[in-house]
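Written out below as structure tokens is the structure these notes cover.
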Amino acid sequence: MSGISRRSSSNTPSNTATNSNNPNFPSDSTLGSTDSAAITGLQYHTETPDSILRQRVFLFFYHPLEVKLYDIWNPTLDPTGVQFSDPLDAINGNYYLGKGMLGHPHVSIFPTPSSGLDIQLQPDPNMGYAKSPSNIRFYQTMTPYTVLSYNSSLNKDYLIRAAHTQNIIPGWNASFDYRLIRPEGIYTSTSAKNHYLDATTNYFSRDSRLQALAGIIWQGFNIDENGGISDDSYFINHAISNRSGVPVNLYNMGTVHRELKAFGHATYNLVRQFEDVRRRDSLVVRTVNDSLTVIDTLDAFDTLRVRTPSSFNAGIIGLEANYDRRKRVFTDSTWWREASATLFWTNDAYADHRWQNPFKITVGASVRHVSTAIESDTLLLFSTFDPYARAVLHLGRATLTGNADLRGSFDADGRPDSRYSARLTFHFDSSRHTLAEVSATAQRKTPDVRMVHDALIHQGMHLKQLASNEYRFAFKHAEMVDLDLRATYMSHNTWYDSSLYLYEGTKELWLYQARLTTHLHAGWLHLDMQHLLQFSTDSVQMPVPLWAVKGSLYADMKLFRGALRAQIGADVRYHTSFYAPGYDPYTGLFYHQDQVQIGDYIWADIFINLNVKRASFYAKAGHLNALWEQTPEYFILPHYPGQRFGFFWGITWHFFD
């Protein structure tokens, strides 16, 4: 078959948003089309980008087993995204007790016990701040792109960010992203100075058969940790007007964290992608009619018959390599080094959006070697072999997914950790905006390395694997309503008490959780809310607040004929009181306690965001209600008071010319 398309220079103005001179980037006008505009190469889900950024900056995150552009980034405003002093407010559905200075320990009050099988030394209080391959950004750009940002406050806190990315050649990108966070302490010995730097590169071949990325992450945390105030009454009753003089447990003490991560990922598609259009030649035709000259371009092409893809094909092979080195220095020196390599294969070889493999299989295996030193003189060495498999079956609007993971253990018995899950997702509409999901997960996991070490060395006991069975139902409607219901059954839970003595639960418990997220708007008025409701049948083993809520009410307006976009509103947070885990700065461990309850107070901020072309500015009055509170018993953790009223501001500038 053959055909001819006509392009008239007199009637069709040029459009840089839809005509791309880079074959690796299909134009937005071709997405979702099955006509003569064939799509090959990089694939991404359609978003509505800012017109300036269209065909300019493409953003994606690194997910194991795949490297795909899935979002087009643009500098839209986010009322909660500008929160300078509390980036841990809500991350991936977790609500954090994070309303304090950066560098303070934080703990999730919406625990997810079945989150995964990763081996770790112990819980990381900096997890929400730290960079990792899964939360840094990768780019493909048509033009160089730079971000500069500066944030500060009346307390002389500051945050500086500088990032730059550009393609060296079409398909090959290099970038770096640096952040410096320096919050000033609100009482004796509480300041921090944290550095974050990542440098990455990624490559897509012209036909996207070869995809590769690599990166290095370096981060250093210098945190003064005083162990909390020694007498809470000084803070609650305002016994001392100068908060820098409040008695604390430790003076002039701090921790130093250093971390270096290096990683690489490469996949090669053994199946050549097909095209349904093959260009032949172009012919320029000049037509004269009543002294009017019209120049047309006729494109002649052949249309190839589309082959029916096969579910069983040679597929894609991939290789990953990771290295992680972490060190913490306080009263002792504790360090962790981990190296791993993963080889996998999947039959998901067809990237073309017009056809979806009805049955996808992924299988692979990892080998990893870990060396760690605890309490300076105890060295542990272990290696593991970790196979896994995944299957996805598409049934019309329904999708059935199954996962099986085994992780080699490091304890004396050598029992492998295991995770098996099944998930059924049903889309109510063809646009896939409304869906319901049910899932079940069975997981058996060895406690953290530090717990296994302390139980054996200090207490002569052997810990059992933490067993959890999670049952989940989720409903999501067009980004407006997101409901998540979970019931988790756990046995052999482990925890430390206030004396850092290790306990293992002798009875089972159930954790019931409900999370409702809504995004409502009427014209320029927006209301974003997140409600968390949860109940633990054993509050000693698993302490959680009964209810927590976070809300943002704001106006989103465009002024001066759209030249200025403004958001003005307020954020409010609240959670009921509970015996939150305490934090021990000597060991970096969280422990259970039953002496101090935190919570049952409101935290309110007011903010304004302004966006003019490529510059965004915000100002925020944080913890506004502290100005009139008589007995402000606000703590982020037991003995760690939260921040009083503060004023914050910042500006971010984007360059992509």
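Identifiers for the structure tokens are assigned positionally: chains receive A, B, ... in sequence, residues are indexed from 1 per chain, and ligands are indexed from 1 in the order shown.
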
Would you give me, as a Markdown table, each residue of segment 414-466 of chain A having an atom within 10 Å of an atom of segment 491-504 of chain A, along with its shortest atom pair and that distance in Å to one decimal, using only C-alpha atoms and sorting by chain and residue number?
```
| residue | atom | partner | partner_atom | distance |
| --- | --- | --- | --- | --- |
| A:Arg444 | CA | A:Ser491 | CA | 9.8 |
| A:Pro447 | CA | A:Thr494 | CA | 7.4 |
| A:Asp448 | CA | A:Thr494 | CA | 9.5 |
| A:Met451 | CA | A:Leu502 | CA | 7.4 |
| A:Val452 | CA | A:Leu502 | CA | 9.6 |
| A:Asp454 | CA | A:Leu502 | CA | 7.5 |
| A:Ala455 | CA | A:Leu502 | CA | 6.6 |
| A:His458 | CA | A:Tyr501 | CA | 9.0 |
| A:Gln459 | CA | A:Leu502 | CA | 8.0 |
| A:Met461 | CA | A:Leu502 | CA | 9.6 |
| A:His462 | CA | A:Glu504 | CA | 9.7 |
| A:Leu463 | CA | A:Glu504 | CA | 7.2 |
| A:Lys464 | CA | A:His492 | CA | 6.3 |
| A:Gln465 | CA | A:His492 | CA | 6.6 |
| A:Leu466 | CA | A:His492 | CA | 5.1 |
```

Would you list the contacts of Ala548 of chain A as an NGL selection string, taking every protein, DNA or RNA residue within 7 Å and counting only C-alpha atoms, but skipping same-chain residues closer than 6 positions in sequence?
:A and (531-533 or 574-576)

Which residues of segment 541-656 of chain A come within 12 Å of segment 243-246 of chain A, and for each one, what is the closest pair of atoms and their distance in Å to one decimal, counting only C-alpha atoms, sorted by chain and residue number, as CSV?
```
residue,atom,partner,partner_atom,distance
A:His639,CA,A:Val246,CA,11.7
A:Tyr640,CA,A:Val246,CA,11.7
A:Pro641,CA,A:Arg243,CA,10.6
A:Gly642,CA,A:Arg243,CA,11.8
A:Gln643,CA,A:Arg243,CA,10.7
A:Arg644,CA,A:Arg243,CA,10.4
```

For C-alpha atoms, I'd like the residues from the last selection saved as a PDB file, in the first residue's frame.
```pdb
ATOM      1  CA  HIS A 639      11.910  15.098  74.458  1.00  0.00           C
ATOM      2  CA  TYR A 640      12.437  16.731  71.027  1.00  0.00           C
ATOM      3  CA  PRO A 641      10.363  19.941  70.977  1.00  0.00           C
ATOM      4  CA  GLY A 642       9.049  21.202  67.688  1.00  0.00           C
ATOM      5  CA  GLN A 643       9.817  24.554  66.185  1.00  0.00           C
ATOM      6  CA  ARG A 644       8.029  27.724  67.241  1.00  0.00           C
TER       7      ARG A 644
END
```

Using only C-alpha atoms: which of A:Asn226, A:Trp547, A:Pro113, A:Phe578 has the shortest distance to Met490 of chain A
A:Pro113

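Using only C-alpha atoms for every distance, the candidate list A:Ile217, A:Val370, A:Ala212, A:Ile317 yields A:Ile217 as the residue closest to Ala199 of chain A.
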
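Secondary structure by DSSP on the backbone puts the following residues of segment 359-510 of chain A in helix (DSSP H, G or I): Val449, Arg450, Met451, Val452, His453, Asp454, Ala455, Leu456, Ile457, His458 and Gln459 of chain A.
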
Would you save the residues of that selection, restricted to N, CA and C atoms, as a compact mmCIF listing (two decimals), in the first residue's frame?
```txt
# COMPACT_ATOMS: atom_id res chain seq x y z
N VAL A 449 20.03 -6.22 60.71
CA VAL A 449 21.32 -6.78 61.09
C VAL A 449 21.69 -6.38 62.52
N ARG A 450 21.43 -5.14 62.88
CA ARG A 450 21.76 -4.67 64.23
C ARG A 450 20.99 -5.45 65.29
N MET A 451 19.72 -5.74 65.02
CA MET A 451 18.91 -6.50 65.98
C MET A 451 19.43 -7.92 66.14
N VAL A 452 19.75 -8.58 65.03
CA VAL A 452 20.28 -9.94 65.09
C VAL A 452 21.59 -9.96 65.87
N HIS A 453 22.42 -8.97 65.62
CA HIS A 453 23.71 -8.88 66.31
C HIS A 453 23.52 -8.67 67.80
N ASP A 454 22.67 -7.70 68.19
CA ASP A 454 22.47 -7.40 69.60
C ASP A 454 21.82 -8.57 70.34
N ALA A 455 20.87 -9.24 69.68
CA ALA A 455 20.21 -10.37 70.33
C ALA A 455 21.19 -11.49 70.62
N LEU A 456 22.09 -11.77 69.70
CA LEU A 456 23.02 -12.88 69.87
C LEU A 456 24.19 -12.52 70.79
N ILE A 457 24.78 -11.35 70.58
CA ILE A 457 25.98 -10.97 71.32
C ILE A 457 25.65 -10.55 72.75
N HIS A 458 24.62 -9.73 72.92
CA HIS A 458 24.35 -9.15 74.23
C HIS A 458 23.33 -9.94 75.05
N GLN A 459 22.44 -10.66 74.40
CA GLN A 459 21.36 -11.33 75.14
C GLN A 459 21.33 -12.83 74.93
```

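Each of A:Ile186, A:Ala580, A:Ile160, A:Leu381 was compared to Val544 of chain A using only C-alpha atoms, and A:Ala580 turns out to be the nearest.
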
Counting only C-alpha atoms, what is within 9 Å of Thr165 of chain A, bar same-chain residues fewer than 2 positions away, as a list in words?
Phe138, Tyr139, Gln140, Thr141, Thr143, Pro144, Tyr145, Thr146, Ala163, Asn167, Asn173, Ala174, Ser175, Phe176 and Asp177 of chain A

I need the chosen residues saved as an mmCIF file, in the first residue's frame, with N, CA and C atoms.
```
data_model
loop_
_atom_site.group_PDB
_atom_site.id
_atom_site.type_symbol
_atom_site.label_atom_id
_atom_site.label_comp_id
_atom_site.auth_asym_id
_atom_site.auth_seq_id
_atom_site.Cartn_x
_atom_site.Cartn_y
_atom_site.Cartn_z
ATOM 1 N N PHE A 138 16.434 11.691 36.405
ATOM 2 C CA PHE A 138 17.189 11.511 35.170
ATOM 3 C C PHE A 138 16.471 12.295 34.075
ATOM 4 N N TYR A 139 17.214 12.771 33.120
ATOM 5 C CA TYR A 139 16.635 13.642 32.108
ATOM 6 C C TYR A 139 17.051 13.204 30.704
ATOM 7 N N GLN A 140 16.244 13.623 29.739
ATOM 8 C CA GLN A 140 16.616 13.716 28.336
ATOM 9 C C GLN A 140 16.172 15.102 27.891
ATOM 10 N N THR A 141 17.059 15.868 27.278
ATOM 11 C CA THR A 141 16.741 17.258 26.984
ATOM 12 C C THR A 141 16.994 17.587 25.524
ATOM 13 N N THR A 143 17.316 20.947 24.926
ATOM 14 C CA THR A 143 18.188 22.088 25.180
ATOM 15 C C THR A 143 18.715 21.970 26.601
ATOM 16 N N PRO A 144 19.836 22.580 26.933
ATOM 17 C CA PRO A 144 20.344 22.529 28.305
ATOM 18 C C PRO A 144 19.323 23.071 29.298
ATOM 19 N N TYR A 145 19.304 22.484 30.471
ATOM 20 C CA TYR A 145 18.318 22.832 31.494
ATOM 21 C C TYR A 145 19.038 23.018 32.823
ATOM 22 N N THR A 146 18.789 24.162 33.493
ATOM 23 C CA THR A 146 19.449 24.497 34.749
ATOM 24 C C THR A 146 18.410 24.946 35.763
ATOM 25 N N ALA A 163 21.332 22.608 39.891
ATOM 26 C CA ALA A 163 21.263 21.409 39.054
ATOM 27 C C ALA A 163 21.394 21.805 37.595
ATOM 28 N N ASN A 167 21.868 17.127 26.966
ATOM 29 C CA ASN A 167 22.251 16.009 26.127
ATOM 30 C C ASN A 167 23.564 16.325 25.417
ATOM 31 N N ASN A 173 22.553 11.750 27.744
ATOM 32 C CA ASN A 173 22.393 12.881 28.656
ATOM 33 C C ASN A 173 23.351 12.769 29.836
ATOM 34 N N ALA A 174 23.771 13.923 30.355
ATOM 35 C CA ALA A 174 24.579 13.992 31.568
ATOM 36 C C ALA A 174 24.009 15.085 32.460
ATOM 37 N N SER A 175 24.050 14.876 33.777
ATOM 38 C CA SER A 175 23.472 15.865 34.683
ATOM 39 C C SER A 175 24.115 15.763 36.058
ATOM 40 N N PHE A 176 23.941 16.834 36.840
ATOM 41 C CA PHE A 176 24.318 16.808 38.243
ATOM 42 C C PHE A 176 23.284 17.607 39.028
ATOM 43 N N ASP A 177 23.156 17.276 40.309
ATOM 44 C CA ASP A 177 22.192 17.944 41.184
ATOM 45 C C ASP A 177 22.824 18.053 42.568
#
```

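Atom CA of Ala404 of chain A to atom CA of Ser421 of chain A spans 6.7 Å [interatomic distance, one decimal].
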